[in-house]
Amino acid sequence: MKVLLIEDELPAAKQLSKMLLAQRPDFSILETLDSVEGAVRWLRAFPSPDLIFMDIQIADGLSFDIFRQVTVTAPVILPRLLTNMRCKPSR
Amino acid sequence: MTQKCFRDVTGFDDRWVMIIGLPLASMMISLLLFNDYYEEGNWAFLSVCIPMSFIYTGAFWFVLRWTYYKVKLRYPLFRDISKRVFWMLLAFVAVFVVVNFSLDVLFSWLIPEHHATPNLAIEFVASLIMSALVITIYEALSFYLQLEHAVAEKARLEQKNIESQLEGLRNQVNPHFLFNSLNTLVYLIPEDPDKAVRFVQQLSKVYRYVLESREAKIIPLQEEMEFLKSYIFLLKERFGDNLRVNIHDLNGASGSAIVPLSMQLLFENVIKHNVISTEKPLTVEVYAEHDHLVVRNNLQRKNQVMDSTGVGLDNIRARYQMMTDKSVDVIVSREYFTVLLPIINVNN
């Protein structure tokens, strides 16, 4: 199973990949990307991963913006859902 | 430098004073000087004398007013009143001599028969009293308005002070900073326990500084920079190599001070508003230049800013305004965002 991580906090990404590989040693983490820009570029350049772990608030905005720019077919898991997030979206 | 108008220099607009005062004063002058003609009912004379009084009073008023403007420009402070009064009296004497001479000439030309020019002594006293009255009114108005202005300014600054104290307090328990630090910590503990310990030590250093500097209005530059090192350690742990901070040697002379936690606020601001990613790493330069502390970062604005109160820079500005005349400057170019904090010299 090829996994893509979209997470901007380094320690969080490291821990997630560590936990994942501990549970599923056969998984491989293709890449850890920390921005919308980076993720879009990667997804356009490479074939789709089998699974994506994604954080909502990443370096340059909300990860949902990735879906506006590129078609994602792989299933997406949001490991950390923070409640009470207040942000002003740019419409 | 643009020409300051009367109102700028004296603090009030004397249009109405003149509109009401000039006719009033000239009528009084004419009554005082040409009393006999009034009693005689000599309207022929009066038709000349009344305009004459008007011109007479007007001449005094305008010259003294102009002198007041010039003198107030030169000596604006209330305690210089003696200097102003001196110059006004000088001007009064000058005007008296000139006006009298000219009007004498004019009088003798217009009314050659009547050589009865008003008694010079009465004229002098009357003019002096009128002028003194006018000068007093001007000084009083100016003083009152200056006082009002000062009181309003004081109230405004007090308000600002309270607001920034409140903001300062809010900053100390800024939930976001603590939240983010603990978030980083929670991942660090199982990953790298030794580093986690160091992280907690730096975090406690940061909060100790926050507590210690709470009362202080300014803090030695060295101490703030020491704090900054701990603060940046925490940030670096969170952002890794995507955040680069270069602190240039400040060769801080003893006696250099800044407002406490201003660096923290600036960094917080930078992180809140800029993208920090592998694609777009952020570099912050900290250096000293011409008795300013400069914090500069490459500008890469976020589209959506989380929880921005917009108060950060204003808070810093207000706190600096209370300590020094030098201002906090912000320079925004296409590439960089730069903030210049004045370095306060406590030796002055």
# chains A, B, ... in the order shown; residues from 1 in each chain; ligands from 1

$ closest_atom_pairs --of "chain B" --to "chain A" --cutoff "8 Å" --atoms "only C-alpha atoms" --output "tab-separated table"
residue	atom	partner	partner_atom	distance
B:Thr184	CA	A:Pro11	CA	6.4
B:Tyr187	CA	A:Pro11	CA	5.5
B:Leu188	CA	A:Pro11	CA	6.4
B:Glu191	CA	A:Gln15	CA	7.1
B:Glu237	CA	A:Pro11	CA	8.0
B:Arg238	CA	A:Glu9	CA	6.3
B:Phe239	CA	A:Leu10	CA	6.5
B:Gly240	CA	A:Leu10	CA	6.7
B:Asn274	CA	A:Asp60	CA	7.9
B:Val275	CA	A:Asp60	CA	5.0
B:Ile276	CA	A:Ala59	CA	5.5
B:Ser277	CA	A:Ala59	CA	5.5
B:Thr278	CA	A:Asp34	CA	6.6
B:Glu279	CA	A:Gly38	CA	6.1
B:Lys302	CA	A:Asp60	CA	5.7
B:Asn303	CA	A:Ser90	CA	6.3
B:Gln304	CA	A:Pro89	CA	5.3
B:Val305	CA	A:Cys87	CA	6.3
B:Met306	CA	A:Cys87	CA	4.6
B:Asp307	CA	A:Cys87	CA	5.8

$ residues_around --residues "Val72 of chain A" --least-positions-apart "2" --cutoff "10 Å" --atoms "only C-alpha atoms" --output "VMD selection string"
chain A and resid 40 43 to 44 48 to 49 52 66 to 70 74 to 76

$ write_last_selection --atoms "all heavy atoms" --output "tab-separated table (two decimals), in the first residue's frame"
chain	number	residue	atom	x	y	z
A	40	VAL	N	-0.21	19.57	-4.61
A	40	VAL	CA	-0.76	19.66	-5.98
A	40	VAL	C	0.32	19.31	-6.98
A	40	VAL	O	0.10	18.54	-7.93
A	40	VAL	CB	-1.31	21.09	-6.24
A	40	VAL	CG1	-1.55	21.30	-7.72
A	40	VAL	CG2	-2.58	21.30	-5.45
A	43	LEU	N	0.95	15.53	-6.83
A	43	LEU	CA	-0.16	14.72	-7.37
A	43	LEU	C	-0.27	14.83	-8.88
A	43	LEU	O	-0.75	13.91	-9.54
A	43	LEU	CB	-1.48	15.14	-6.70
A	43	LEU	CG	-1.62	14.68	-5.24
A	43	LEU	CD1	-2.73	15.42	-4.53
A	43	LEU	CD2	-1.83	13.18	-5.16
A	44	ARG	N	0.16	15.95	-9.41
A	44	ARG	CA	0.13	16.09	-10.88
A	44	ARG	C	1.27	15.33	-11.53
A	44	ARG	O	1.16	14.84	-12.64
A	44	ARG	CB	0.24	17.57	-11.26
A	44	ARG	CG	-1.05	18.32	-11.08
A	44	ARG	CD	-0.94	19.72	-11.60
A	44	ARG	NE	-2.19	20.44	-11.38
A	44	ARG	CZ	-2.27	21.75	-11.18
A	44	ARG	NH1	-1.18	22.48	-11.20
A	44	ARG	NH2	-3.44	22.32	-10.98
A	48	SER	N	-1.34	8.24	-8.72
A	48	SER	CA	-2.05	8.39	-7.44
A	48	SER	C	-1.59	7.35	-6.42
A	48	SER	O	-1.39	6.19	-6.75
A	48	SER	CB	-3.55	8.23	-7.70
A	48	SER	OG	-4.24	8.27	-6.47
A	49	PRO	N	-1.47	7.79	-5.17
A	49	PRO	CA	-1.16	6.80	-4.12
A	49	PRO	C	-2.39	5.97	-3.81
A	49	PRO	O	-3.48	6.26	-4.30
A	49	PRO	CB	-0.78	7.70	-2.93
A	49	PRO	CG	-1.52	8.98	-3.17
A	49	PRO	CD	-1.60	9.16	-4.64
A	52	ILE	N	-4.26	8.30	1.30
A	52	ILE	CA	-3.72	9.61	1.70
A	52	ILE	C	-4.14	9.92	3.14
A	52	ILE	O	-5.32	9.79	3.49
A	52	ILE	CB	-4.24	10.74	0.78
A	52	ILE	CG1	-3.82	10.50	-0.66
A	52	ILE	CG2	-3.72	12.11	1.25
A	52	ILE	CD1	-4.33	11.55	-1.64
A	66	ILE	N	-6.57	21.46	-2.19
A	66	ILE	CA	-5.90	20.53	-3.10
A	66	ILE	C	-6.93	19.93	-4.06
A	66	ILE	O	-6.68	19.83	-5.26
A	66	ILE	CB	-5.19	19.40	-2.32
A	66	ILE	CG1	-4.12	20.00	-1.38
A	66	ILE	CG2	-4.57	18.39	-3.25
A	66	ILE	CD1	-3.55	19.00	-0.41
A	67	PHE	N	-8.10	19.60	-3.52
A	67	PHE	CA	-9.12	18.93	-4.33
A	67	PHE	C	-9.68	19.85	-5.40
A	67	PHE	O	-10.24	19.40	-6.40
A	67	PHE	CB	-10.25	18.42	-3.45
A	67	PHE	CG	-9.78	17.48	-2.37
A	67	PHE	CD1	-10.27	17.60	-1.08
A	67	PHE	CD2	-8.83	16.51	-2.64
A	67	PHE	CE1	-9.84	16.75	-0.07
A	67	PHE	CE2	-8.39	15.65	-1.64
A	67	PHE	CZ	-8.89	15.77	-0.35
A	68	ARG	N	-9.53	21.18	-5.16
A	68	ARG	CA	-10.01	22.12	-6.17
A	68	ARG	C	-9.08	22.17	-7.37
A	68	ARG	O	-9.47	22.58	-8.46
A	68	ARG	CB	-10.10	23.53	-5.57
A	68	ARG	CG	-11.19	23.64	-4.56
A	68	ARG	CD	-11.50	25.07	-4.25
A	68	ARG	NE	-12.23	25.14	-2.99
A	68	ARG	CZ	-12.22	26.14	-2.15
A	68	ARG	NH1	-11.50	27.21	-2.43
A	68	ARG	NH2	-12.92	26.11	-1.05
A	69	GLN	N	-7.84	21.79	-7.14
A	69	GLN	CA	-6.86	21.96	-8.20
A	69	GLN	C	-6.50	20.65	-8.90
A	69	GLN	O	-5.98	20.65	-10.00
A	69	GLN	CB	-5.59	22.61	-7.64
A	69	GLN	CG	-5.86	23.99	-7.04
A	69	GLN	CD	-4.59	24.59	-6.47
A	69	GLN	OE1	-3.58	24.62	-7.14
A	69	GLN	NE2	-4.67	25.04	-5.23
A	70	VAL	N	-6.74	19.54	-8.22
A	70	VAL	CA	-6.34	18.28	-8.84
A	70	VAL	C	-7.35	17.20	-8.45
A	70	VAL	O	-7.93	17.24	-7.35
A	70	VAL	CB	-4.90	17.93	-8.39
A	70	VAL	CG1	-4.88	17.46	-6.95
A	70	VAL	CG2	-4.28	16.90	-9.30
A	74	ALA	N	-7.68	8.55	-4.70
A	74	ALA	CA	-7.36	7.73	-3.52
A	74	ALA	C	-8.24	8.12	-2.34
A	74	ALA	O	-8.65	9.27	-2.23
A	74	ALA	CB	-5.90	7.91	-3.16
A	75	PRO	N	-8.54	7.17	-1.45
A	75	PRO	CA	-9.26	7.50	-0.22
A	75	PRO	C	-8.41	8.37	0.69
A	75	PRO	O	-7.19	8.23	0.73
A	75	PRO	CB	-9.55	6.13	0.42
A	75	PRO	CG	-8.61	5.19	-0.23
A	75	PRO	CD	-8.25	5.73	-1.55
A	76	VAL	N	-9.10	9.25	1.42
A	76	VAL	CA	-8.39	10.21	2.28
A	76	VAL	C	-8.82	10.04	3.72
A	76	VAL	O	-10.01	9.97	4.03
A	76	VAL	CB	-8.68	11.65	1.82
A	76	VAL	CG1	-8.03	12.64	2.76
A	76	VAL	CG2	-8.20	11.87	0.40

$ atom_distance --atom1 "atom CA of Glu163 of chain B" --atom2 "atom CA of Ile218 of chain B"
17.2 Å

$ closest_residue --among "B:Phe60, B:Trp43, B:Phe143, B:Phe337" --to "Thr283 of chain B" --atoms "only C-alpha atoms"
B:Phe337

$ residues_around --residues "Leu30 of chain A" --least-positions-apart "6" --cutoff "12 Å" --atoms "only C-alpha atoms" --output "list in words"
Met1, Lys2, Val3, Leu4, Leu5, Ile6, Ser17, Trp42, Leu43, Phe46, Pro47, Ser48, Pro49, Asp50, Leu51, Ile52 and Phe53 of chain A

$ select_by_dssp --residues "chain A" --states "alpha helix (DSSP H)" --output "count of residues only"
30

$ select_by_dssp --residues "segment 37-77 of chain A" --states "strand (DSSP E or B)" --output "PyMOL selection string"
chain A and resi 51-54+57-58+61-62+76-77

$ residues_around --residues "Ser256 of chain B" --least-positions-apart "3" --cutoff "10 Å" --atoms "only C-alpha atoms" --output "count of residues only"
14

$ residues_around --residues "Phe227 of chain B" --least-positions-apart "4" --cutoff "8 Å" --atoms "only C-alpha atoms" --output "list of chain:residue names"
B:Lys205, B:Val206, B:Tyr209, B:Glu223, B:Tyr231

$ atom_distance --atom1 "atom CA of Phe6 of chain B" --atom2 "atom CA of Ser26 of chain B"
22.6 Å

$ closest_atom_pairs --of "segment 12-66 of chain B" --to "segment 126-132 of chain B" --cutoff "9 Å" --atoms "only C-alpha atoms" --output "Markdown table"
| residue | atom | partner | partner_atom | distance |
| --- | --- | --- | --- | --- |
| B:Ala25 | CA | B:Met130 | CA | 7.2 |
| B:Met28 | CA | B:Met130 | CA | 8.9 |
| B:Ile29 | CA | B:Ala126 | CA | 7.1 |
| B:Leu32 | CA | B:Ala126 | CA | 7.2 |
| B:Leu33 | CA | B:Ala126 | CA | 8.0 |
| B:Thr57 | CA | B:Ser127 | CA | 8.2 |
| B:Phe60 | CA | B:Ser131 | CA | 7.5 |
| B:Trp61 | CA | B:Ser131 | CA | 7.4 |
| B:Leu64 | CA | B:Ser131 | CA | 8.0 |

$ atom_distance --atom1 "atom CA of Gly11 of chain B" --atom2 "atom CA of Gln146 of chain B"
6.6 Å

$ residues_around --residues "Asp55 of chain A" --least-positions-apart "4" --cutoff "8 Å" --atoms "only C-alpha atoms" --output "list of chain:residue names"
A:Ile6, A:Glu7, A:Asp8, A:Ser63, A:Leu78, A:Pro79, A:Arg80, A:Leu81

$ write_last_selection --atoms "all heavy atoms" --output "PDB file, in the first residue's frame"
ATOM      1  N   ILE A   6       0.039  14.193   4.014  1.00  0.00           N
ATOM      2  CA  ILE A   6      -0.021  15.648   3.836  1.00  0.00           C
ATOM      3  C   ILE A   6      -0.174  16.262   5.226  1.00  0.00           C
ATOM      4  O   ILE A   6      -1.256  16.266   5.801  1.00  0.00           O
ATOM      5  CB  ILE A   6      -1.178  16.059   2.917  1.00  0.00           C
ATOM      6  CG1 ILE A   6      -1.024  15.376   1.565  1.00  0.00           C
ATOM      7  CG2 ILE A   6      -1.221  17.572   2.748  1.00  0.00           C
ATOM      8  CD1 ILE A   6      -2.155  15.641   0.611  1.00  0.00           C
ATOM      9  N   GLU A   7       0.943  16.758   5.743  1.00  0.00           N
ATOM     10  CA  GLU A   7       0.978  17.227   7.120  1.00  0.00           C
ATOM     11  C   GLU A   7       2.097  18.246   7.239  1.00  0.00           C
ATOM     12  O   GLU A   7       3.200  18.007   6.761  1.00  0.00           O
ATOM     13  CB  GLU A   7       1.236  16.022   8.034  1.00  0.00           C
ATOM     14  CG  GLU A   7       1.609  16.368   9.463  1.00  0.00           C
ATOM     15  CD  GLU A   7       0.499  17.064  10.223  1.00  0.00           C
ATOM     16  OE1 GLU A   7      -0.548  16.440  10.457  1.00  0.00           O
ATOM     17  OE2 GLU A   7       0.672  18.246  10.600  1.00  0.00           O
ATOM     18  N   ASP A   8       1.829  19.402   7.862  1.00  0.00           N
ATOM     19  CA  ASP A   8       2.888  20.417   7.904  1.00  0.00           C
ATOM     20  C   ASP A   8       3.689  20.424   9.200  1.00  0.00           C
ATOM     21  O   ASP A   8       4.721  21.070   9.288  1.00  0.00           O
ATOM     22  CB  ASP A   8       2.317  21.816   7.634  1.00  0.00           C
ATOM     23  CG  ASP A   8       1.413  22.305   8.738  1.00  0.00           C
ATOM     24  OD1 ASP A   8       0.850  21.465   9.457  1.00  0.00           O
ATOM     25  OD2 ASP A   8       1.264  23.536   8.874  1.00  0.00           O
ATOM     26  N   SER A  63      -6.198  22.112   3.370  1.00  0.00           N
ATOM     27  CA  SER A  63      -5.865  21.037   2.435  1.00  0.00           C
ATOM     28  C   SER A  63      -6.990  20.766   1.445  1.00  0.00           C
ATOM     29  O   SER A  63      -6.764  20.189   0.384  1.00  0.00           O
ATOM     30  CB  SER A  63      -5.492  19.768   3.201  1.00  0.00           C
ATOM     31  OG  SER A  63      -6.514  19.466   4.126  1.00  0.00           O
ATOM     32  N   LEU A  78      -8.508  11.700   7.559  1.00  0.00           N
ATOM     33  CA  LEU A  78      -8.111  12.898   8.326  1.00  0.00           C
ATOM     34  C   LEU A  78      -7.821  12.455   9.751  1.00  0.00           C
ATOM     35  O   LEU A  78      -8.743  12.256  10.534  1.00  0.00           O
ATOM     36  CB  LEU A  78      -9.243  13.933   8.327  1.00  0.00           C
ATOM     37  CG  LEU A  78      -9.740  14.360   6.950  1.00  0.00           C
ATOM     38  CD1 LEU A  78     -11.074  15.073   7.037  1.00  0.00           C
ATOM     39  CD2 LEU A  78      -8.713  15.288   6.302  1.00  0.00           C
ATOM     40  N   PRO A  79      -6.551  12.295  10.083  1.00  0.00           N
ATOM     41  CA  PRO A  79      -6.234  11.729  11.396  1.00  0.00           C
ATOM     42  C   PRO A  79      -6.513  12.677  12.547  1.00  0.00           C
ATOM     43  O   PRO A  79      -6.835  12.258  13.633  1.00  0.00           O
ATOM     44  CB  PRO A  79      -4.743  11.409  11.295  1.00  0.00           C
ATOM     45  CG  PRO A  79      -4.238  12.299  10.235  1.00  0.00           C
ATOM     46  CD  PRO A  79      -5.360  12.578   9.301  1.00  0.00           C
ATOM     47  N   ARG A  80      -6.383  13.975  12.330  1.00  0.00           N
ATOM     48  CA  ARG A  80      -6.594  14.904  13.420  1.00  0.00           C
ATOM     49  C   ARG A  80      -7.645  15.924  13.047  1.00  0.00           C
ATOM     50  O   ARG A  80      -7.437  16.780  12.192  1.00  0.00           O
ATOM     51  CB  ARG A  80      -5.302  15.665  13.734  1.00  0.00           C
ATOM     52  CG  ARG A  80      -4.227  14.819  14.309  1.00  0.00           C
ATOM     53  CD  ARG A  80      -3.094  15.698  14.803  1.00  0.00           C
ATOM     54  NE  ARG A  80      -2.570  16.575  13.787  1.00  0.00           N
ATOM     55  CZ  ARG A  80      -1.934  17.709  14.069  1.00  0.00           C
ATOM     56  NH1 ARG A  80      -1.782  18.086  15.307  1.00  0.00           N
ATOM     57  NH2 ARG A  80      -1.467  18.459  13.102  1.00  0.00           N
ATOM     58  N   LEU A  81      -8.775  15.805  13.674  1.00  0.00           N
ATOM     59  CA  LEU A  81      -9.793  16.818  13.430  1.00  0.00           C
ATOM     60  C   LEU A  81      -9.864  17.714  14.656  1.00  0.00           C
ATOM     61  O   LEU A  81     -10.271  17.288  15.720  1.00  0.00           O
ATOM     62  CB  LEU A  81     -11.150  16.172  13.178  1.00  0.00           C
ATOM     63  CG  LEU A  81     -11.522  15.955  11.716  1.00  0.00           C
ATOM     64  CD1 LEU A  81     -12.845  15.233  11.604  1.00  0.00           C
ATOM     65  CD2 LEU A  81     -11.596  17.282  10.985  1.00  0.00           C
TER      66      LEU A  81
END
